[in-house]
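Beneath this line is the structure, given in structure tokens, with notes to follow.
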Amino acid sequence: MLNYLDVVPLLSAACTTFSDSPEAAAIHPMNGAYLQTAQLARHMIRLLDAGEVGDFSCVFGVVEWILAEGDVQARRLVNDGFMDDLFNPGFYAAACCSAFDFVDWLGPKARRHPRVRSLSCD
């Protein structure tokens, strides 16, 4: 079973451009996992805006894996951290894309997230 401490390393590894990104550089070593997943969400939005979606299938495959096999805390970090931020309209102020543009990459468990369901895209 995957746990809370697995989430950030798994998501970061799935997005091969994250570690060298400005979003990763903005993470302070004392930042918690929720702030780290917020930076990953910002990075994913920037990638989508630039049309650089090569890692998206892998990232959202990891999201599905965690939602399927993660413990309660791991699933909460994905849902209340990464997914909430990725589908937060406030994260798109400077972007040409929208949260709706991520839907095609989501698996069935991620599509159940309340912010995704509110997009009325099912």
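Labels for the structure tokens follow display order: chains A, B, ..., residues from 1 in each chain, ligands from 1.
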Next item on the list: Considering only C-alpha atoms, return as a PyMOL selection string whatever protein or nucleic-acid residues lie within 10 Å of Gln36 in chain A, sequence-local ones (same chain, fewer than 2 positions apart) excluded.
Entry: chain A and resi 8+12+23-24+26-29+31-34+38-42+81-82
Margin query: Using DSSP secondary structure from the backbone, list all helix (DSSP H, G or I) positions within chain A, as an MDAnalysis selection string.
Written below: chainID A and resid 4:14 22:25 33:50 56:69 72:86 89:92 99:105 110:112 114:117
Note to self: For Phe87 in chain A, find every residue with an atom within 12 Å (counting only C-alpha atoms), except residues of its own chain fewer than 6 positions away, and show them as a PyMOL selection string.
What the structure shows: chain A and resi 38+41-42+44-45+78-81+97-103+106+110-111+113-119
Check: Which polymer residues have any atom within 7 Å of an atom of Gly70 in chain A, counting only C-alpha atoms, with same-chain residues fewer than 2 positions away left out, as a ChimeraX atom specification?
Finding: /A:1-3,66-68,72,74-75
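Shortest separation to Ala50 in chain A among A:Pro22, A:Pro89, A:Cys96, A:Asp84 occurs at residue A:Cys96, atoms counted being only C-alpha atoms.
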Notebook entry, point to check: Distance CA of Leu48 in chain A-CA of Ala25 in chain A, one decimal place?
Noted result: 19.1 Å
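Between CA of Ala93 in chain A and CA of Arg46 in chain A the interatomic distance comes to 11.3 Å.
Within 10 Å of Gly61 in chain A, once only C-alpha atoms are used and residues closer than 3 positions along the same chain are dropped, the contacting residues are Leu11, Ala14, Asp55, Phe56, Ser57, Cys58, Glu64, Trp65, Ile66, Leu67, Trp105, Leu106, Gly107 and Ala110 of chain A.
CA of Val7 in chain A sits 7.5 Å away from CA of Leu77 in chain A.
Residue nearest Met83 in chain A, chosen from A:Val62, A:Pro108, A:Met30, A:Thr37 and counting only C-alpha atoms: A:Thr37.
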